[in-house]
Amino acid sequence: MSATLASKEFGRFIDAAQREPVLLTKKDRPVAVTVSVADWEELTALRIEHGVAAGLADVAEGRVTEMTDVSLEQRLARFRTRLPEA
């Protein structure tokens, strides 16, 4: 559905997104996908489950680093160097 059509027929756009994902286009290029809240919650839960499974696999394979005060300070220092100046 084009962004122009979605804005003109917003009610129809929302109804369509309740049934299936709606691909929005602008100037014939895909720019967004709109999904129902139920689909979003399911996708989020699957993403979390995948992340937990990957973390557990890392632990099982020994791909972990112990968090010590020193390593925490090193990570914080690297993070601080990435922050923009205020």
# chains A, B, ... in the order shown; residues from 1 in each chain; ligands from 1
>>> residues_around(residues="segment 21-27 of chain A", least_positions_apart="6", cutoff="6 Å", atoms="only C-alpha atoms", output="PyMOL selection string")
chain A and resi 1-3+33-35
>>> write_last_selection(atoms="N, CA and C atoms", output="PDB file, in the first residue's frame")
ATOM      1  N   MET A   1       0.850  -1.164   0.000  1.00  0.00           N
ATOM      2  CA  MET A   1       0.000   0.000   0.000  1.00  0.00           C
ATOM      3  C   MET A   1       0.901   1.234   0.000  1.00  0.00           C
ATOM      4  N   SER A   2       0.569   2.198  -0.810  1.00  0.00           N
ATOM      5  CA  SER A   2       1.376   3.415  -0.835  1.00  0.00           C
ATOM      6  C   SER A   2       1.101   4.234   0.424  1.00  0.00           C
ATOM      7  N   ALA A   3       2.081   5.022   0.830  1.00  0.00           N
ATOM      8  CA  ALA A   3       1.914   5.883   1.996  1.00  0.00           C
ATOM      9  C   ALA A   3       0.793   6.884   1.758  1.00  0.00           C
ATOM     10  N   VAL A  33       6.843  -1.654   7.374  1.00  0.00           N
ATOM     11  CA  VAL A  33       5.858  -2.724   7.467  1.00  0.00           C
ATOM     12  C   VAL A  33       5.072  -2.484   8.744  1.00  0.00           C
ATOM     13  N   THR A  34       3.764  -2.549   8.642  1.00  0.00           N
ATOM     14  CA  THR A  34       2.907  -2.383   9.813  1.00  0.00           C
ATOM     15  C   THR A  34       2.261  -3.725  10.122  1.00  0.00           C
ATOM     16  N   VAL A  35       2.318  -4.111  11.404  1.00  0.00           N
ATOM     17  CA  VAL A  35       1.731  -5.369  11.850  1.00  0.00           C
ATOM     18  C   VAL A  35       0.791  -5.102  13.011  1.00  0.00           C
TER      19      VAL A  35
END
>>> select_by_dssp(residues="segment 2-65 of chain A", states="strand (DSSP E)", output="list in words")
Val22, Leu23, Leu24, Thr25, Lys26, Arg29, Pro30, Val31, Ala32, Val33 and Thr34 of chain A
>>> write_last_selection(atoms="all heavy atoms", output="mmCIF file, in the first residue's frame")
data_model
loop_
_atom_site.group_PDB
_atom_site.id
_atom_site.type_symbol
_atom_site.label_atom_id
_atom_site.label_comp_id
_atom_site.auth_asym_id
_atom_site.auth_seq_id
_atom_site.Cartn_x
_atom_site.Cartn_y
_atom_site.Cartn_z
ATOM 1 N N VAL A 22 1.292 -5.202 6.518
ATOM 2 C CA VAL A 22 1.079 -4.307 5.384
ATOM 3 C C VAL A 22 2.400 -3.616 5.055
ATOM 4 O O VAL A 22 2.996 -2.953 5.908
ATOM 5 C CB VAL A 22 0.000 -3.246 5.689
ATOM 6 C CG1 VAL A 22 -0.159 -2.283 4.521
ATOM 7 C CG2 VAL A 22 -1.332 -3.903 6.027
ATOM 8 N N LEU A 23 2.858 -3.786 3.831
ATOM 9 C CA LEU A 23 4.079 -3.138 3.352
ATOM 10 C C LEU A 23 3.710 -1.756 2.822
ATOM 11 O O LEU A 23 2.866 -1.626 1.938
ATOM 12 C CB LEU A 23 4.726 -3.971 2.241
ATOM 13 C CG LEU A 23 5.942 -3.359 1.558
ATOM 14 C CD1 LEU A 23 7.114 -3.269 2.540
ATOM 15 C CD2 LEU A 23 6.321 -4.173 0.345
ATOM 16 N N LEU A 24 4.332 -0.725 3.395
ATOM 17 C CA LEU A 24 4.108 0.644 2.925
ATOM 18 C C LEU A 24 5.217 1.029 1.964
ATOM 19 O O LEU A 24 6.383 0.738 2.206
ATOM 20 C CB LEU A 24 4.112 1.624 4.100
ATOM 21 C CG LEU A 24 2.878 1.588 4.992
ATOM 22 C CD1 LEU A 24 3.071 2.498 6.187
ATOM 23 C CD2 LEU A 24 1.646 1.985 4.214
ATOM 24 N N THR A 25 4.822 1.698 0.889
ATOM 25 C CA THR A 25 5.797 2.152 -0.094
ATOM 26 C C THR A 25 5.694 3.665 -0.260
ATOM 27 O O THR A 25 4.640 4.258 -0.027
ATOM 28 C CB THR A 25 5.563 1.486 -1.464
ATOM 29 O OG1 THR A 25 4.256 1.823 -1.931
ATOM 30 C CG2 THR A 25 5.710 -0.021 -1.376
ATOM 31 N N LYS A 26 6.810 4.244 -0.629
ATOM 32 C CA LYS A 26 6.852 5.672 -0.948
ATOM 33 C C LYS A 26 7.670 5.794 -2.221
ATOM 34 O O LYS A 26 8.806 5.310 -2.275
ATOM 35 C CB LYS A 26 7.490 6.449 0.201
ATOM 36 C CG LYS A 26 7.343 7.934 0.074
ATOM 37 C CD LYS A 26 7.757 8.620 1.365
ATOM 38 C CE LYS A 26 7.416 10.091 1.265
ATOM 39 N NZ LYS A 26 7.669 10.776 2.519
ATOM 40 N N ARG A 29 9.089 2.534 -3.457
ATOM 41 C CA ARG A 29 10.106 1.769 -2.722
ATOM 42 C C ARG A 29 9.581 1.439 -1.333
ATOM 43 O O ARG A 29 8.895 2.239 -0.710
ATOM 44 C CB ARG A 29 11.423 2.475 -2.580
ATOM 45 C CG ARG A 29 11.791 3.607 -2.650
ATOM 46 C CD ARG A 29 13.080 4.277 -2.422
ATOM 47 N NE ARG A 29 12.767 5.477 -1.671
ATOM 48 C CZ ARG A 29 12.991 5.615 -0.385
ATOM 49 N NH1 ARG A 29 13.563 4.676 0.311
ATOM 50 N NH2 ARG A 29 12.664 6.716 0.235
ATOM 51 N N PRO A 30 9.867 0.224 -0.858
ATOM 52 C CA PRO A 30 9.386 -0.175 0.464
ATOM 53 C C PRO A 30 10.040 0.679 1.554
ATOM 54 O O PRO A 30 11.252 0.903 1.527
ATOM 55 C CB PRO A 30 9.812 -1.636 0.590
ATOM 56 C CG PRO A 30 10.713 -1.922 -0.548
ATOM 57 C CD PRO A 30 10.646 -0.799 -1.525
ATOM 58 N N VAL A 31 9.215 1.179 2.481
ATOM 59 C CA VAL A 31 9.745 2.022 3.554
ATOM 60 C C VAL A 31 9.374 1.534 4.944
ATOM 61 O O VAL A 31 10.043 1.890 5.915
ATOM 62 C CB VAL A 31 9.309 3.499 3.394
ATOM 63 C CG1 VAL A 31 9.935 4.121 2.164
ATOM 64 C CG2 VAL A 31 7.803 3.627 3.361
ATOM 65 N N ALA A 32 8.313 0.727 5.073
ATOM 66 C CA ALA A 32 7.895 0.264 6.399
ATOM 67 C C ALA A 32 6.943 -0.918 6.272
ATOM 68 O O ALA A 32 6.342 -1.133 5.219
ATOM 69 C CB ALA A 32 7.205 1.395 7.166
ATOM 70 N N VAL A 33 6.843 -1.654 7.374
ATOM 71 C CA VAL A 33 5.858 -2.724 7.467
ATOM 72 C C VAL A 33 5.072 -2.484 8.744
ATOM 73 O O VAL A 33 5.659 -2.241 9.796
ATOM 74 C CB VAL A 33 6.525 -4.123 7.515
ATOM 75 C CG1 VAL A 33 5.492 -5.212 7.745
ATOM 76 C CG2 VAL A 33 7.314 -4.378 6.241
ATOM 77 N N THR A 34 3.764 -2.549 8.642
ATOM 78 C CA THR A 34 2.907 -2.383 9.813
ATOM 79 C C THR A 34 2.261 -3.725 10.122
ATOM 80 O O THR A 34 1.755 -4.402 9.226
ATOM 81 C CB THR A 34 1.819 -1.327 9.546
ATOM 82 O OG1 THR A 34 2.457 -0.105 9.200
ATOM 83 C CG2 THR A 34 0.960 -1.111 10.767
#
>>> atom_distance(atom1="atom CA of Val64 of chain A", atom2="atom CA of Glu41 of chain A")
29.6 Å
>>> residues_around(residues="Ser36 of chain A", least_positions_apart="2", cutoff="10 Å", atoms="only C-alpha atoms", output="PyMOL selection string")
chain A and resi 14-22+34+38-42
>>> write_last_selection(atoms="N, CA, C and O atoms", output="PDB file, in the first residue's frame")
ATOM      1  N   ILE A  14      -5.475   0.376   8.783  1.00  0.00           N
ATOM      2  CA  ILE A  14      -5.428  -0.248  10.111  1.00  0.00           C
ATOM      3  C   ILE A  14      -6.135  -1.598  10.094  1.00  0.00           C
ATOM      4  O   ILE A  14      -5.652  -2.573  10.678  1.00  0.00           O
ATOM      5  N   ASP A  15      -7.286  -1.668   9.426  1.00  0.00           N
ATOM      6  CA  ASP A  15      -8.005  -2.947   9.331  1.00  0.00           C
ATOM      7  C   ASP A  15      -7.158  -4.002   8.616  1.00  0.00           C
ATOM      8  O   ASP A  15      -7.111  -5.163   9.039  1.00  0.00           O
ATOM      9  N   ALA A  16      -6.482  -3.609   7.560  1.00  0.00           N
ATOM     10  CA  ALA A  16      -5.643  -4.553   6.806  1.00  0.00           C
ATOM     11  C   ALA A  16      -4.502  -5.064   7.680  1.00  0.00           C
ATOM     12  O   ALA A  16      -4.167  -6.257   7.657  1.00  0.00           O
ATOM     13  N   ALA A  17      -3.911  -4.178   8.487  1.00  0.00           N
ATOM     14  CA  ALA A  17      -2.790  -4.574   9.349  1.00  0.00           C
ATOM     15  C   ALA A  17      -3.226  -5.550  10.432  1.00  0.00           C
ATOM     16  O   ALA A  17      -2.395  -6.297  10.960  1.00  0.00           O
ATOM     17  N   GLN A  18      -4.503  -5.570  10.776  1.00  0.00           N
ATOM     18  CA  GLN A  18      -4.996  -6.537  11.762  1.00  0.00           C
ATOM     19  C   GLN A  18      -5.048  -7.947  11.182  1.00  0.00           C
ATOM     20  O   GLN A  18      -4.970  -8.929  11.911  1.00  0.00           O
ATOM     21  N   ARG A  19      -5.176  -8.040   9.866  1.00  0.00           N
ATOM     22  CA  ARG A  19      -5.275  -9.340   9.206  1.00  0.00           C
ATOM     23  C   ARG A  19      -3.927  -9.900   8.772  1.00  0.00           C
ATOM     24  O   ARG A  19      -3.709 -11.101   8.798  1.00  0.00           O
ATOM     25  N   GLU A  20      -3.037  -8.997   8.331  1.00  0.00           N
ATOM     26  CA  GLU A  20      -1.743  -9.415   7.810  1.00  0.00           C
ATOM     27  C   GLU A  20      -0.804  -8.219   7.803  1.00  0.00           C
ATOM     28  O   GLU A  20      -1.259  -7.073   7.828  1.00  0.00           O
ATOM     29  N   PRO A  21       0.501  -8.454   7.752  1.00  0.00           N
ATOM     30  CA  PRO A  21       1.430  -7.334   7.667  1.00  0.00           C
ATOM     31  C   PRO A  21       1.174  -6.517   6.396  1.00  0.00           C
ATOM     32  O   PRO A  21       0.850  -7.065   5.341  1.00  0.00           O
ATOM     33  N   VAL A  22       1.292  -5.202   6.518  1.00  0.00           N
ATOM     34  CA  VAL A  22       1.079  -4.307   5.384  1.00  0.00           C
ATOM     35  C   VAL A  22       2.400  -3.616   5.055  1.00  0.00           C
ATOM     36  O   VAL A  22       2.996  -2.953   5.908  1.00  0.00           O
ATOM     37  N   THR A  34       3.764  -2.549   8.642  1.00  0.00           N
ATOM     38  CA  THR A  34       2.907  -2.383   9.813  1.00  0.00           C
ATOM     39  C   THR A  34       2.261  -3.725  10.122  1.00  0.00           C
ATOM     40  O   THR A  34       1.755  -4.402   9.226  1.00  0.00           O
ATOM     41  N   ALA A  38      -0.764  -8.013  18.181  1.00  0.00           N
ATOM     42  CA  ALA A  38      -0.571  -9.439  18.473  1.00  0.00           C
ATOM     43  C   ALA A  38       0.642  -9.987  17.725  1.00  0.00           C
ATOM     44  O   ALA A  38       1.461 -10.717  18.303  1.00  0.00           O
ATOM     45  N   ASP A  39       0.774  -9.628  16.444  1.00  0.00           N
ATOM     46  CA  ASP A  39       1.944 -10.078  15.672  1.00  0.00           C
ATOM     47  C   ASP A  39       3.227  -9.482  16.241  1.00  0.00           C
ATOM     48  O   ASP A  39       4.255 -10.157  16.326  1.00  0.00           O
ATOM     49  N   TRP A  40       3.201  -8.207  16.627  1.00  0.00           N
ATOM     50  CA  TRP A  40       4.380  -7.553  17.196  1.00  0.00           C
ATOM     51  C   TRP A  40       4.805  -8.253  18.480  1.00  0.00           C
ATOM     52  O   TRP A  40       5.991  -8.512  18.689  1.00  0.00           O
ATOM     53  N   GLU A  41       3.836  -8.563  19.340  1.00  0.00           N
ATOM     54  CA  GLU A  41       4.162  -9.248  20.596  1.00  0.00           C
ATOM     55  C   GLU A  41       4.767 -10.619  20.337  1.00  0.00           C
ATOM     56  O   GLU A  41       5.726 -11.024  20.991  1.00  0.00           O
ATOM     57  N   GLU A  42       4.225 -11.346  19.354  1.00  0.00           N
ATOM     58  CA  GLU A  42       4.764 -12.661  19.018  1.00  0.00           C
ATOM     59  C   GLU A  42       6.185 -12.543  18.464  1.00  0.00           C
ATOM     60  O   GLU A  42       7.083 -13.304  18.857  1.00  0.00           O
TER      61      GLU A  42
END
>>> select_by_dssp(residues="chain A", states="helix (DSSP H, G or I)", output="PyMOL selection string")
chain A and resi 3-8+10-19+37-60+69-82
>>> atom_distance(atom1="atom CA of Ala45 of chain A", atom2="atom CA of Phe13 of chain A")
24.9 Å
>>> decode(residues="segment 4-46 of chain A", atoms="N, CA and C atoms", output="JSON list (two decimals), in the first residue's frame")
[["chain", "number", "residue", "atom", "x", "y", "z"],
["A", 4, "THR", "N", 0.66, 7.35, 0.53],
["A", 4, "THR", "CA", -0.41, 8.30, 0.20],
["A", 4, "THR", "C", -1.77, 7.65, 0.40],
["A", 5, "LEU", "N", -1.94, 6.44, -0.11],
["A", 5, "LEU", "CA", -3.21, 5.74, 0.04],
["A", 5, "LEU", "C", -3.47, 5.42, 1.51],
["A", 6, "ALA", "N", -2.45, 5.01, 2.23],
["A", 6, "ALA", "CA", -2.62, 4.71, 3.66],
["A", 6, "ALA", "C", -3.09, 5.93, 4.43],
["A", 7, "SER", "N", -2.56, 7.10, 4.10],
["A", 7, "SER", "CA", -2.98, 8.31, 4.81],
["A", 7, "SER", "C", -4.40, 8.72, 4.43],
["A", 8, "LYS", "N", -4.78, 8.50, 3.19],
["A", 8, "LYS", "CA", -6.13, 8.86, 2.74],
["A", 8, "LYS", "C", -7.17, 7.87, 3.27],
["A", 9, "GLU", "N", -6.78, 6.61, 3.39],
["A", 9, "GLU", "CA", -7.72, 5.57, 3.83],
["A", 9, "GLU", "C", -7.17, 4.88, 5.08],
["A", 10, "PHE", "N", -6.93, 5.69, 6.12],
["A", 10, "PHE", "CA", -6.27, 5.19, 7.32],
["A", 10, "PHE", "C", -7.05, 4.05, 7.98],
["A", 11, "GLY", "N", -8.36, 4.15, 8.03],
["A", 11, "GLY", "CA", -9.18, 3.09, 8.63],
["A", 11, "GLY", "C", -8.98, 1.76, 7.92],
["A", 12, "ARG", "N", -8.98, 1.80, 6.60],
["A", 12, "ARG", "CA", -8.75, 0.58, 5.81],
["A", 12, "ARG", "C", -7.34, 0.04, 6.03],
["A", 13, "PHE", "N", -6.38, 0.95, 6.14],
["A", 13, "PHE", "CA", -5.00, 0.57, 6.39],
["A", 13, "PHE", "C", -4.88, -0.17, 7.73],
["A", 14, "ILE", "N", -5.48, 0.38, 8.78],
["A", 14, "ILE", "CA", -5.43, -0.25, 10.11],
["A", 14, "ILE", "C", -6.14, -1.60, 10.09],
["A", 15, "ASP", "N", -7.29, -1.67, 9.43],
["A", 15, "ASP", "CA", -8.01, -2.95, 9.33],
["A", 15, "ASP", "C", -7.16, -4.00, 8.62],
["A", 16, "ALA", "N", -6.48, -3.61, 7.56],
["A", 16, "ALA", "CA", -5.64, -4.55, 6.81],
["A", 16, "ALA", "C", -4.50, -5.06, 7.68],
["A", 17, "ALA", "N", -3.91, -4.18, 8.49],
["A", 17, "ALA", "CA", -2.79, -4.57, 9.35],
["A", 17, "ALA", "C", -3.23, -5.55, 10.43],
["A", 18, "GLN", "N", -4.50, -5.57, 10.78],
["A", 18, "GLN", "CA", -5.00, -6.54, 11.76],
["A", 18, "GLN", "C", -5.05, -7.95, 11.18],
["A", 19, "ARG", "N", -5.18, -8.04, 9.87],
["A", 19, "ARG", "CA", -5.28, -9.34, 9.21],
["A", 19, "ARG", "C", -3.93, -9.90, 8.77],
["A", 20, "GLU", "N", -3.04, -9.00, 8.33],
["A", 20, "GLU", "CA", -1.74, -9.42, 7.81],
["A", 20, "GLU", "C", -0.80, -8.22, 7.80],
["A", 21, "PRO", "N", 0.50, -8.45, 7.75],
["A", 21, "PRO", "CA", 1.43, -7.33, 7.67],
["A", 21, "PRO", "C", 1.17, -6.52, 6.40],
["A", 22, "VAL", "N", 1.29, -5.20, 6.52],
["A", 22, "VAL", "CA", 1.08, -4.31, 5.38],
["A", 22, "VAL", "C", 2.40, -3.62, 5.05],
["A", 23, "LEU", "N", 2.86, -3.79, 3.83],
["A", 23, "LEU", "CA", 4.08, -3.14, 3.35],
["A", 23, "LEU", "C", 3.71, -1.76, 2.82],
["A", 24, "LEU", "N", 4.33, -0.72, 3.39],
["A", 24, "LEU", "CA", 4.11, 0.64, 2.93],
["A", 24, "LEU", "C", 5.22, 1.03, 1.96],
["A", 25, "THR", "N", 4.82, 1.70, 0.89],
["A", 25, "THR", "CA", 5.80, 2.15, -0.09],
["A", 25, "THR", "C", 5.69, 3.66, -0.26],
["A", 26, "LYS", "N", 6.81, 4.24, -0.63],
["A", 26, "LYS", "CA", 6.85, 5.67, -0.95],
["A", 26, "LYS", "C", 7.67, 5.79, -2.22],
["A", 27, "LYS", "N", 7.06, 6.38, -3.22],
["A", 27, "LYS", "CA", 7.69, 6.48, -4.54],
["A", 27, "LYS", "C", 8.14, 5.10, -5.02],
["A", 28, "ASP", "N", 7.27, 4.14, -4.83],
["A", 28, "ASP", "CA", 7.47, 2.75, -5.27],
["A", 28, "ASP", "C", 8.62, 2.02, -4.60],
["A", 29, "ARG", "N", 9.09, 2.53, -3.46],
["A", 29, "ARG", "CA", 10.11, 1.77, -2.72],
["A", 29, "ARG", "C", 9.58, 1.44, -1.33],
["A", 30, "PRO", "N", 9.87, 0.22, -0.86],
["A", 30, "PRO", "CA", 9.39, -0.18, 0.46],
["A", 30, "PRO", "C", 10.04, 0.68, 1.55],
["A", 31, "VAL", "N", 9.22, 1.18, 2.48],
["A", 31, "VAL", "CA", 9.74, 2.02, 3.55],
["A", 31, "VAL", "C", 9.37, 1.53, 4.94],
["A", 32, "ALA", "N", 8.31, 0.73, 5.07],
["A", 32, "ALA", "CA", 7.90, 0.26, 6.40],
["A", 32, "ALA", "C", 6.94, -0.92, 6.27],
["A", 33, "VAL", "N", 6.84, -1.65, 7.37],
["A", 33, "VAL", "CA", 5.86, -2.72, 7.47],
["A", 33, "VAL", "C", 5.07, -2.48, 8.74],
["A", 34, "THR", "N", 3.76, -2.55, 8.64],
["A", 34, "THR", "CA", 2.91, -2.38, 9.81],
["A", 34, "THR", "C", 2.26, -3.72, 10.12],
["A", 35, "VAL", "N", 2.32, -4.11, 11.40],
["A", 35, "VAL", "CA", 1.73, -5.37, 11.85],
["A", 35, "VAL", "C", 0.79, -5.10, 13.01],
["A", 36, "SER", "N", -0.06, -6.06, 13.30],
["A", 36, "SER", "CA", -0.96, -5.95, 14.45],
["A", 36, "SER", "C", -0.16, -6.03, 15.74],
["A", 37, "VAL", "N", -0.76, -5.58, 16.83],
["A", 37, "VAL", "CA", -0.10, -5.66, 18.13],
["A", 37, "VAL", "C", 0.17, -7.13, 18.48],
["A", 38, "ALA", "N", -0.76, -8.01, 18.18],
["A", 38, "ALA", "CA", -0.57, -9.44, 18.47],
["A", 38, "ALA", "C", 0.64, -9.99, 17.73],
["A", 39, "ASP", "N", 0.77, -9.63, 16.44],
["A", 39, "ASP", "CA", 1.94, -10.08, 15.67],
["A", 39, "ASP", "C", 3.23, -9.48, 16.24],
["A", 40, "TRP", "N", 3.20, -8.21, 16.63],
["A", 40, "TRP", "CA", 4.38, -7.55, 17.20],
["A", 40, "TRP", "C", 4.80, -8.25, 18.48],
["A", 41, "GLU", "N", 3.84, -8.56, 19.34],
["A", 41, "GLU", "CA", 4.16, -9.25, 20.60],
["A", 41, "GLU", "C", 4.77, -10.62, 20.34],
["A", 42, "GLU", "N", 4.23, -11.35, 19.35],
["A", 42, "GLU", "CA", 4.76, -12.66, 19.02],
["A", 42, "GLU", "C", 6.18, -12.54, 18.46],
["A", 43, "LEU", "N", 6.41, -11.59, 17.58],
["A", 43, "LEU", "CA", 7.75, -11.39, 17.02],
["A", 43, "LEU", "C", 8.75, -11.00, 18.11],
["A", 44, "THR", "N", 8.33, -10.16, 19.03],
["A", 44, "THR", "CA", 9.20, -9.74, 20.13],
["A", 44, "THR", "C", 9.55, -10.93, 21.02],
["A", 45, "ALA", "N", 8.54, -11.75, 21.35],
["A", 45, "ALA", "CA", 8.79, -12.93, 22.18],
["A", 45, "ALA", "C", 9.76, -13.89, 21.49],
["A", 46, "LEU", "N", 9.59, -14.10, 20.19],
["A", 46, "LEU", "CA", 10.50, -14.98, 19.45],
["A", 46, "LEU", "C", 11.92, -14.42, 19.45]]
